[in-house]
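Below: entry.csv (CSV, C-alpha atoms)
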```
chain,number,residue,atom,x,y,z
A,1,MET,CA,21.9,-53.1,13.6
A,2,HIS,CA,19.6,-50.2,12.7
A,3,ARG,CA,16.0,-50.5,13.8
A,4,LYS,CA,13.4,-50.0,11.1
A,5,ILE,CA,11.0,-47.1,11.8
A,6,PRO,CA,7.4,-48.4,11.6
A,7,ARG,CA,5.5,-47.1,8.5
A,8,TYR,CA,2.8,-45.4,10.7
A,9,MET,CA,5.5,-43.4,12.5
A,10,VAL,CA,6.8,-42.1,9.1
A,11,TYR,CA,3.3,-41.1,8.1
A,12,PHE,CA,2.8,-39.4,11.5
A,13,ILE,CA,6.1,-37.4,11.3
A,14,LEU,CA,5.4,-36.3,7.7
A,15,SER,CA,1.9,-35.2,8.5
A,16,SER,CA,3.1,-33.2,11.5
A,17,LEU,CA,5.7,-31.5,9.4
A,18,LEU,CA,3.2,-30.6,6.7
A,19,ILE,CA,0.8,-29.2,9.3
A,20,GLY,CA,3.5,-27.2,10.9
A,21,VAL,CA,4.7,-25.8,7.5
A,22,GLY,CA,1.1,-25.0,6.6
A,23,TRP,CA,0.4,-23.1,9.8
A,24,TYR,CA,3.7,-21.2,9.4
A,25,ALA,CA,2.9,-20.2,5.9
A,26,HIS,CA,-0.6,-19.1,6.8
A,27,ASP,CA,0.7,-17.0,9.7
A,28,TRP,CA,3.4,-15.4,7.5
A,29,TYR,CA,0.9,-14.6,4.8
A,30,GLN,CA,-1.6,-13.0,7.2
A,31,ARG,CA,1.1,-10.9,8.8
A,32,ARG,CA,2.2,-9.8,5.4
A,33,VAL,CA,-1.3,-8.8,4.4
A,34,ASP,CA,-1.9,-7.0,7.7
A,35,THR,CA,1.4,-5.0,7.6
A,36,ALA,CA,1.6,-4.4,3.9
A,37,ALA,CA,1.3,-0.8,2.9
A,38,HIS,CA,-2.0,0.4,1.5
A,39,ARG,CA,-1.7,3.5,-0.6
A,40,ARG,CA,-4.8,5.7,-0.8
A,41,VAL,CA,-4.4,9.2,-2.0
A,42,ARG,CA,-7.1,11.5,-0.7
A,43,LEU,CA,-7.5,15.2,-1.0
A,44,SER,CA,-7.3,16.9,2.4
A,45,GLY,CA,-8.7,20.2,3.6
A,46,TYR,CA,-12.4,19.2,4.0
A,47,ARG,CA,-14.3,18.5,7.2
A,48,PHE,CA,-17.0,16.1,6.0
A,49,ILE,CA,-15.7,14.6,2.7
A,50,SER,CA,-12.4,12.9,1.7
A,51,PRO,CA,-12.2,12.9,-2.1
A,52,LEU,CA,-10.5,9.7,-3.3
A,53,LEU,CA,-7.9,10.4,-6.0
A,54,ASP,CA,-6.0,7.1,-6.2
A,55,VAL,CA,-5.9,3.6,-4.6
A,56,GLU,CA,-3.2,1.0,-4.6
A,57,LEU,CA,-3.5,-2.2,-2.6
A,58,PRO,CA,-0.4,-4.4,-1.8
A,59,GLU,CA,0.5,-7.2,-4.2
A,60,GLY,CA,-1.3,-10.4,-3.2
A,61,TYR,CA,-3.8,-8.5,-1.0
A,62,GLY,CA,-6.0,-11.1,0.7
A,63,VAL,CA,-9.5,-10.1,-0.3
A,64,ARG,CA,-10.9,-13.0,1.8
A,65,HIS,CA,-9.1,-12.0,4.9
A,66,GLU,CA,-11.6,-11.1,7.7
A,67,PRO,CA,-11.2,-7.4,8.2
A,68,ILE,CA,-13.9,-6.7,10.8
A,69,PRO,CA,-13.8,-9.2,13.6
A,70,PHE,CA,-16.3,-7.4,15.7
A,71,LYS,CA,-19.1,-8.1,13.2
A,72,TYR,CA,-19.9,-11.3,15.2
A,73,LYS,CA,-20.5,-9.4,18.4
A,74,ILE,CA,-23.0,-7.1,16.6
A,75,LYS,CA,-24.6,-10.1,15.0
A,76,ASP,CA,-25.0,-11.9,18.4
A,77,PHE,CA,-26.8,-8.9,19.7
A,78,VAL,CA,-29.1,-8.6,16.7
A,79,ASP,CA,-29.9,-12.3,16.9
A,80,SER,CA,-30.8,-12.0,20.6
A,81,GLN,CA,-33.2,-9.2,19.9
A,82,LEU,CA,-34.9,-11.2,17.1
A,83,LYS,CA,-35.0,-14.4,19.2
A,84,THR,CA,-36.7,-12.7,22.1
A,85,GLY,CA,-39.3,-11.0,19.8
A,86,ARG,CA,-38.4,-7.5,20.8
A,87,VAL,CA,-38.4,-6.6,17.1
A,88,ARG,CA,-39.4,-8.4,13.9
A,89,ASP,CA,-36.5,-7.5,11.6
A,90,ILE,CA,-33.1,-5.8,12.0
A,91,THR,CA,-30.6,-5.0,9.3
A,92,VAL,CA,-27.1,-3.5,10.0
A,93,TYR,CA,-24.7,-2.2,7.5
A,94,PHE,CA,-21.2,-1.0,8.4
A,95,ARG,CA,-18.4,0.3,6.2
A,96,ASP,CA,-15.0,1.6,7.3
A,97,LEU,CA,-14.4,4.6,5.1
A,98,SER,CA,-10.7,4.7,5.6
A,99,ASP,CA,-9.9,1.2,4.4
A,100,GLY,CA,-13.2,0.1,2.7
A,101,PRO,CA,-14.0,-3.2,4.5
A,102,TRP,CA,-17.7,-3.6,5.2
A,103,PHE,CA,-20.2,-6.1,6.6
A,104,GLY,CA,-23.9,-6.6,6.4
A,105,ILE,CA,-26.2,-8.4,8.8
A,106,ASN,CA,-29.5,-9.5,7.3
A,107,GLU,CA,-28.7,-7.2,4.4
A,108,GLY,CA,-31.0,-9.0,2.0
A,109,ILE,CA,-34.2,-7.8,3.7
A,110,THR,CA,-36.0,-4.9,1.9
A,111,TYR,CA,-37.6,-2.0,3.6
A,112,ASN,CA,-39.6,1.1,2.7
A,113,PRO,CA,-36.9,3.9,2.9
A,114,ALA,CA,-39.5,6.5,3.8
A,115,SER,CA,-37.8,9.8,4.8
A,116,LEU,CA,-34.4,8.3,3.9
A,117,MET,CA,-35.3,9.2,0.3
A,118,LYS,CA,-35.1,12.9,1.2
A,119,VAL,CA,-31.3,12.4,0.6
A,120,PRO,CA,-31.5,11.9,-3.2
A,121,VAL,CA,-33.9,14.9,-3.4
A,122,MET,CA,-31.2,17.0,-1.7
A,123,ILE,CA,-28.6,15.6,-4.0
A,124,ALA,CA,-30.6,16.4,-7.1
A,125,TRP,CA,-31.0,20.1,-6.0
A,126,LEU,CA,-27.3,20.4,-5.2
A,127,LYS,CA,-26.5,18.9,-8.6
A,128,ARG,CA,-28.6,21.6,-10.2
A,129,ALA,CA,-26.8,24.2,-8.0
A,130,GLU,CA,-23.4,23.1,-9.4
A,131,LYS,CA,-24.3,24.7,-12.7
A,132,ASN,CA,-26.1,27.7,-11.2
A,133,PRO,CA,-25.5,28.4,-7.5
A,134,GLU,CA,-28.3,31.0,-7.5
A,135,GLU,CA,-30.7,28.0,-7.5
A,136,LEU,CA,-30.2,27.7,-3.8
A,137,GLU,CA,-31.5,31.3,-3.3
A,138,ARG,CA,-34.5,30.8,-5.5
A,139,THR,CA,-37.8,31.1,-3.5
A,140,ILE,CA,-40.8,28.7,-3.7
A,141,THR,CA,-44.2,29.5,-2.2
A,142,PHE,CA,-46.0,26.9,-0.1
A,143,ARG,CA,-49.8,26.5,-0.6
A,144,GLU,CA,-51.5,24.4,2.1
A,145,LYS,CA,-54.5,23.6,-0.1
A,146,GLU,CA,-52.2,22.0,-2.7
A,147,TYR,CA,-50.4,19.8,-0.1
A,148,PRO,CA,-51.6,16.2,-0.1
A,149,GLY,CA,-51.0,15.8,3.6
A,150,VAL,CA,-48.4,13.1,4.2
A,151,PRO,CA,-48.7,12.0,7.8
A,152,GLN,CA,-45.7,12.0,10.2
A,153,THR,CA,-45.6,10.2,13.5
A,154,ILE,CA,-42.5,12.1,14.5
A,155,GLU,CA,-43.6,15.6,14.1
A,156,PRO,CA,-41.0,18.1,12.7
A,157,ALA,CA,-39.8,20.8,15.0
A,158,ARG,CA,-40.2,23.3,12.2
A,159,THR,CA,-42.5,23.3,9.2
A,160,LEU,CA,-43.9,25.6,6.5
A,161,THR,CA,-46.5,28.3,6.7
A,162,ASP,CA,-49.3,28.7,4.2
A,163,GLY,CA,-48.6,31.4,1.6
A,164,ALA,CA,-45.0,32.0,2.7
A,165,ALA,CA,-42.1,31.9,0.2
A,166,TYR,CA,-38.9,30.0,1.2
A,167,PRO,CA,-35.4,29.9,-0.4
A,168,VAL,CA,-34.4,26.4,-1.6
A,169,GLU,CA,-31.6,26.4,0.9
A,170,THR,CA,-34.0,26.9,3.8
A,171,LEU,CA,-36.3,24.1,2.4
A,172,LEU,CA,-33.3,21.8,2.3
A,173,ASP,CA,-32.6,22.6,5.9
A,174,TYR,CA,-36.1,22.0,7.0
A,175,MET,CA,-36.4,18.7,4.9
A,176,LEU,CA,-33.1,17.2,6.3
A,177,ASN,CA,-32.7,18.6,9.8
A,178,PHE,CA,-36.4,18.5,10.8
A,179,SER,CA,-37.5,15.8,8.3
A,180,ASP,CA,-40.3,18.1,7.3
A,181,ASN,CA,-42.6,16.4,4.7
A,182,LYS,CA,-44.0,19.8,3.4
A,183,SER,CA,-40.5,20.9,2.5
A,184,MET,CA,-39.8,17.5,0.9
A,185,TRP,CA,-43.1,17.8,-1.2
A,186,LEU,CA,-42.3,21.3,-2.4
A,187,LEU,CA,-38.7,20.4,-3.4
A,188,TYR,CA,-39.7,17.2,-5.0
A,189,ASN,CA,-42.4,18.8,-7.1
A,190,ASN,CA,-40.0,21.5,-8.4
A,191,LEU,CA,-37.6,18.9,-9.7
A,192,LYS,CA,-37.8,17.4,-13.2
A,193,PRO,CA,-38.4,13.6,-13.0
A,194,ALA,CA,-35.2,13.1,-15.0
A,195,GLU,CA,-33.1,14.9,-12.4
A,196,LEU,CA,-34.1,12.5,-9.6
A,197,ASP,CA,-33.8,9.5,-11.9
A,198,ASN,CA,-30.3,10.6,-12.8
A,199,VAL,CA,-29.3,10.6,-9.2
A,200,LEU,CA,-30.6,7.1,-8.6
A,201,ASN,CA,-29.2,5.7,-11.9
A,202,SER,CA,-25.8,7.4,-11.5
A,203,MET,CA,-25.3,6.1,-8.0
A,204,ASP,CA,-26.4,2.5,-8.8
A,205,ILE,CA,-29.0,2.5,-6.1
A,206,ASP,CA,-31.2,-0.6,-6.0
A,207,ASN,CA,-34.4,1.2,-5.1
A,208,ASP,CA,-37.5,-0.6,-6.4
A,209,ALA,CA,-40.3,2.0,-6.6
A,210,ARG,CA,-42.9,-0.4,-8.0
A,211,GLY,CA,-46.2,-0.4,-6.0
A,212,GLU,CA,-47.0,1.8,-3.0
A,213,THR,CA,-44.6,0.3,-0.5
A,214,ASN,CA,-41.3,1.0,-2.3
A,215,ALA,CA,-38.3,-1.2,-1.4
A,216,ILE,CA,-34.6,-0.8,-0.8
A,217,THR,CA,-31.8,-2.8,0.8
A,218,ALA,CA,-29.2,-1.4,3.3
A,219,HIS,CA,-26.3,-2.1,0.9
A,220,GLY,CA,-28.1,-0.3,-1.9
A,221,TYR,CA,-28.9,2.8,0.2
A,222,SER,CA,-25.4,3.0,1.5
A,223,GLY,CA,-24.3,4.1,-1.9
A,224,PHE,CA,-25.5,7.6,-1.3
A,225,PHE,CA,-23.1,8.1,1.7
A,226,ARG,CA,-20.2,6.3,0.0
A,227,ILE,CA,-20.4,8.5,-3.0
A,228,LEU,CA,-21.0,11.8,-1.1
A,229,TYR,CA,-18.0,11.0,1.1
A,230,ASN,CA,-15.8,10.3,-1.9
A,231,ALA,CA,-17.2,13.4,-3.8
A,232,ALA,CA,-17.7,11.1,-6.7
A,233,TYR,CA,-21.1,12.5,-8.0
A,234,LEU,CA,-21.5,16.0,-6.7
A,235,ASN,CA,-18.4,18.2,-6.9
A,236,ARG,CA,-16.3,18.7,-3.8
A,237,ALA,CA,-18.0,21.9,-2.6
A,238,MET,CA,-21.5,20.4,-2.9
A,239,SER,CA,-20.6,17.0,-1.4
A,240,GLU,CA,-19.2,18.9,1.6
A,241,LYS,CA,-22.3,21.0,1.8
A,242,ALA,CA,-24.6,17.9,1.7
A,243,LEU,CA,-22.9,16.1,4.6
A,244,GLU,CA,-22.7,19.4,6.5
A,245,LEU,CA,-26.4,19.9,6.1
A,246,MET,CA,-27.1,16.4,7.5
A,247,SER,CA,-24.8,16.9,10.4
A,248,HIS,CA,-27.4,19.2,11.9
A,249,GLN,CA,-30.2,16.6,12.0
A,250,ASN,CA,-32.6,17.2,14.9
A,251,PHE,CA,-33.0,13.5,15.9
A,252,PRO,CA,-31.0,12.9,19.1
A,253,MET,CA,-32.9,9.6,19.9
A,254,GLY,CA,-31.1,7.2,17.5
A,255,ILE,CA,-27.5,6.7,16.3
A,256,GLU,CA,-26.4,10.0,17.8
A,257,ALA,CA,-27.6,9.0,21.2
A,258,GLY,CA,-25.3,6.0,21.1
A,259,LEU,CA,-22.2,8.2,20.5
A,260,PRO,CA,-20.1,10.2,23.0
A,261,LYS,CA,-21.0,13.8,23.2
A,262,GLY,CA,-19.2,15.9,20.6
A,263,VAL,CA,-18.8,13.1,18.0
A,264,VAL,CA,-20.1,14.4,14.7
A,265,PHE,CA,-22.8,12.3,12.9
A,266,SER,CA,-24.1,13.2,9.4
A,267,GLY,CA,-27.2,11.2,8.8
A,268,LYS,CA,-30.9,10.8,8.1
A,269,PHE,CA,-33.7,8.9,9.8
A,270,GLY,CA,-36.8,7.5,8.3
A,271,GLU,CA,-40.1,6.1,9.7
A,272,TYR,CA,-42.9,4.3,7.9
A,273,ASP,CA,-46.3,3.0,9.1
A,274,LEU,CA,-48.3,1.1,6.5
A,275,GLU,CA,-52.1,1.0,7.1
A,276,GLY,CA,-53.5,-2.4,7.4
A,277,SER,CA,-50.1,-3.9,8.3
A,278,GLY,CA,-51.1,-4.9,11.8
A,279,ASN,CA,-49.5,-1.8,13.3
A,280,VAL,CA,-46.0,-2.8,12.1
A,281,LYS,CA,-43.6,0.2,12.2
A,282,GLN,CA,-40.5,0.7,10.2
A,283,LEU,CA,-37.8,2.9,11.8
A,284,HIS,CA,-34.4,3.4,10.2
A,285,GLU,CA,-31.3,5.6,10.4
A,286,PHE,CA,-28.3,5.9,8.1
A,287,GLY,CA,-25.2,8.1,8.1
A,288,ILE,CA,-21.5,8.7,8.7
A,289,VAL,CA,-20.0,8.6,12.2
A,290,TYR,CA,-16.8,10.7,12.4
A,291,HIS,CA,-15.0,8.6,14.9
A,292,PRO,CA,-11.7,10.0,16.2
A,293,LYS,CA,-9.9,7.0,14.6
A,294,GLY,CA,-11.6,7.3,11.3
A,295,PRO,CA,-15.1,7.8,9.8
A,296,TYR,CA,-17.5,4.9,9.1
A,297,ILE,CA,-20.9,4.4,7.6
A,298,LEU,CA,-23.5,2.9,9.9
A,299,GLY,CA,-27.0,2.0,8.8
A,300,ILE,CA,-29.6,0.3,11.0
A,301,LEU,CA,-33.0,-0.6,9.6
A,302,THR,CA,-35.8,-2.1,11.7
A,303,ARG,CA,-39.3,-3.4,11.5
A,304,GLY,CA,-41.4,-4.0,14.7
A,305,ASP,CA,-44.4,-3.2,16.8
A,306,ASP,CA,-42.9,-0.7,19.3
A,307,PRO,CA,-40.9,2.3,18.0
A,308,ALA,CA,-39.5,3.0,21.4
A,309,LEU,CA,-37.9,-0.5,21.5
A,310,GLN,CA,-36.7,0.0,17.9
A,311,LEU,CA,-35.0,3.2,18.9
A,312,GLU,CA,-33.4,1.5,22.0
A,313,ILE,CA,-32.0,-1.2,19.7
A,314,ILE,CA,-30.6,1.5,17.3
A,315,ARG,CA,-28.9,3.3,20.1
A,316,LYS,CA,-27.4,0.1,21.5
A,317,ILE,CA,-26.0,-1.0,18.1
A,318,SER,CA,-24.6,2.5,17.6
A,319,SER,CA,-22.9,2.5,21.0
A,320,MET,CA,-21.5,-1.0,20.5
A,321,THR,CA,-20.2,-0.2,17.0
A,322,TYR,CA,-18.5,3.0,18.2
A,323,THR,CA,-16.7,1.2,21.1
A,324,LEU,CA,-15.7,-1.9,19.1
A,325,PHE,CA,-14.5,0.1,16.1
A,326,GLY,CA,-12.3,2.2,18.4
A,327,ALA,CA,-10.8,-0.9,20.0
A,328,ASN,CA,-10.2,-2.6,16.7
A,329,VAL,CA,-8.4,0.3,15.0
A,330,SER,CA,-5.0,1.4,16.2
A,331,GLY,CA,-3.0,4.5,15.5
A,332,SER,CA,-4.0,8.0,14.5
A,333,PRO,CA,-7.0,9.0,12.4
A,334,LYS,CA,-6.9,7.8,8.8
A,335,ARG,CA,-8.2,10.5,6.4
```
Using the file provided, produce a representation of the structure as structure tokens.
Amino acid sequence: MHRKIPRYMVYFILSSLLIGVGWYAHDWYQRRVDTAAHRRVRLSGYRFISPLLDVELPEGYGVRHEPIPFKYKIKDFVDSQLKTGRVRDITVYFRDLSDGPWFGINEGITYNPASLMKVPVMIAWLKRAEKNPEELERTITFREKEYPGVPQTIEPARTLTDGAAYPVETLLDYMLNFSDNKSMWLLYNNLKPAELDNVLNSMDIDNDARGETNAITAHGYSGFFRILYNAAYLNRAMSEKALELMSHQNFPMGIEAGLPKGVVFSGKFGEYDLEGSGNVKQLHEFGIVYHPKGPYILGILTRGDDPALQLEIIRKISSMTYTLFGANVSGSPKR
């Protein structure tokens, strides 16, 4: 005589089988996504850029698959700094330039970009030089009495002399590498408004210039570096020149200080101190880190009361990102 299996046992066995099949299917799918070939055709032969010619993702690519597991370690650090009151706001933006996955932490916060906006001024001049390379040799004379006097807390190591004439290429060097506001003012005033507007509009940057404080998000600003790296707005020669210019930035206190010696970083820092804001300082840095295992964009924007603490936080996030990225990526460099 056969014993009848209780109904609850049947339900239990069926549920176990369904759960087991589900886990197996999930594991198979993730392994398929992780190992499937990603075809990206990039033009080689450049040091700072990697022009993207074609992209093909595998069939059924899992766009919701978590590609950057170390995001949460960075977020835990950011949260701890905010909780202890060491800084008022922190935003972090990261993008792997080899595969494209990215993450943002507090990315909805807006900041005044300050000297970060020297990058689109450079791009506008290099766009002009695409048509006429002699524009970079053109000289412009600086007149101290005409300069409105934009204050800088972090003084530039080099600046302009009253009555001296400078080639545009030298002004670009001073503006980017020493963050010299006099050079920025001279270059800006010798551009047509439409030239700068074309840079911002063509790159889909979410800069809101209404009022005196300006406003930009980390994700919006990252577009400058994504498009320069892919040589998607400037031609290849000028995109390479732009990132090479920024690789000489004289600011060893921020992201660069969190990297091992010899690792190339092409970036720009910005500082902003609004009068009447209760001594609140904004200090930011954005750029491309050329990690041995592949390049990535890192942007860190901060608002606080102590620039020294803000720089310390920027250095720590830079160091953590470099180490965690290296541990998360296997194999040879992807270019």
Q) Excluding same-chain residues fewer than 4 positions from A:Ile317, what lies within 7 Å of it counting only C-alpha atoms, as a PyMOL selection string? A) chain A and resi 74+313+321
Generate the output file for the selected residues, C-alpha atoms, as a compact mmCIF listing (two decimals), in the frame of the given file.
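Result file result_22.txt:
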```txt
# COMPACT_ATOMS: atom_id res chain seq x y z
CA ILE A 74 -23.00 -7.10 16.60
CA ILE A 313 -32.00 -1.20 19.70
CA THR A 321 -20.20 -0.20 17.00
```
Q) From the list A:Asn214, A:Gly270, A:Asn132, A:Phe103, which residue is nearest A:Tyr72 when using only C-alpha atoms? A) A:Phe103
Q: Please measure the separation of atom CA of A:Phe94 and atom CA of A:Tyr221, giving the value in Å to one decimal.
A: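 Atom-to-atom, atom CA of A:Phe94 to atom CA of A:Tyr221, that is 11.9 Å.
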Q) At a cut-off of 8 Å from (-28.4, 19.2, 10.5) in the coordinates of the file, what residues are picked up using all atoms listed in the file, written as number ranges by chain? A) A: 173, 176-177, 244-250, 266
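Minimum atom-to-atom distances from A:Ile300, A:Val264, A:Leu191, A:Ile90 to A:Lys127 were compared using all atoms listed in the file, and the lowest value belongs to A:Leu191.
Interatomic distance, atom CA of A:Gly267 to atom CA of A:Ile288: 6.2 Å.
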Q.
So that I can check the surroundings of A:Glu195, please list as a list in words every protein, DNA and RNA residue that reaches within 12 Å of it, counting all atoms listed in the file and ignoring chain neighbours fewer than 4 positions away.
A.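 Contacts, in chain order: Pro120, Val121, Met122, Ile123, Ala124, Trp125, Leu126, Lys127, Arg128, Leu187, Tyr188, Asn189, Asn190, Leu191, Val199, Leu200, Asn201 and Ser202 of chain A.
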(Q) For a test of reading the model, state the distance in Å between atom CA of A:Thr302 and atom CA of A:Thr91, rounded to one decimal. (A)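 Result for atom CA of A:Thr302 versus atom CA of A:Thr91: 6.4 Å, one decimal.
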Q | Distance criterion (all atoms listed in the file): nearest to A:Met253 out of A:Ala164, A:Ile105, A:Ile154, A:Leu116 | A |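 Under the stated criterion, the closest residue is A:Ile154.
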Q) With all atoms listed in the file as the atoms that count, which of A:Met175, A:Arg138, A:Leu311, A:Ser239 lies nearest to A:Pro252? A) A:Leu311
Q) Between A:Ala242, A:Phe265, A:Leu283, A:Pro69, which has the minimum distance to A:Tyr229 (counting only C-alpha atoms)? A)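 Smallest separation from A:Tyr229 among the options: A:Ala242.
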Q: Rank nothing, just name the residue among A:Arg315, A:Lys118, A:Arg47, A:Arg143 nearest to A:Phe224, using only C-alpha atoms.
A: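 Selected residue with least distance to A:Phe224: A:Lys118.
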Q | Contacts of A:Ile297 at 8 Å (only C-alpha atoms; same-chain gap of 3+ positions) as a ChimeraX atom specification | A | /A:93-97,222,225-226,286-289
Q: Please check which residues have atoms at most 10 Å from (-17.8, 9.8, -1.1) in the file's coordinates, counting all atoms listed in the file, and write them as a list in words.
A: Phe48, Ile49, Ser50, Pro51, Leu52, Leu97, Gly223, Phe224, Phe225, Arg226, Ile227, Leu228, Tyr229, Asn230, Ala231, Ala232, Tyr233, Leu234, Arg236, Ser239, Glu240 and Leu243 of chain A
Q.
For A:Tyr174, find every residue with an atom within 10 Å (counting only C-alpha atoms), except residues of its own chain fewer than 5 positions away, and show them as a PyMOL selection string.
A. chain A and resi 156-160+168-169+179-184+245+249-250
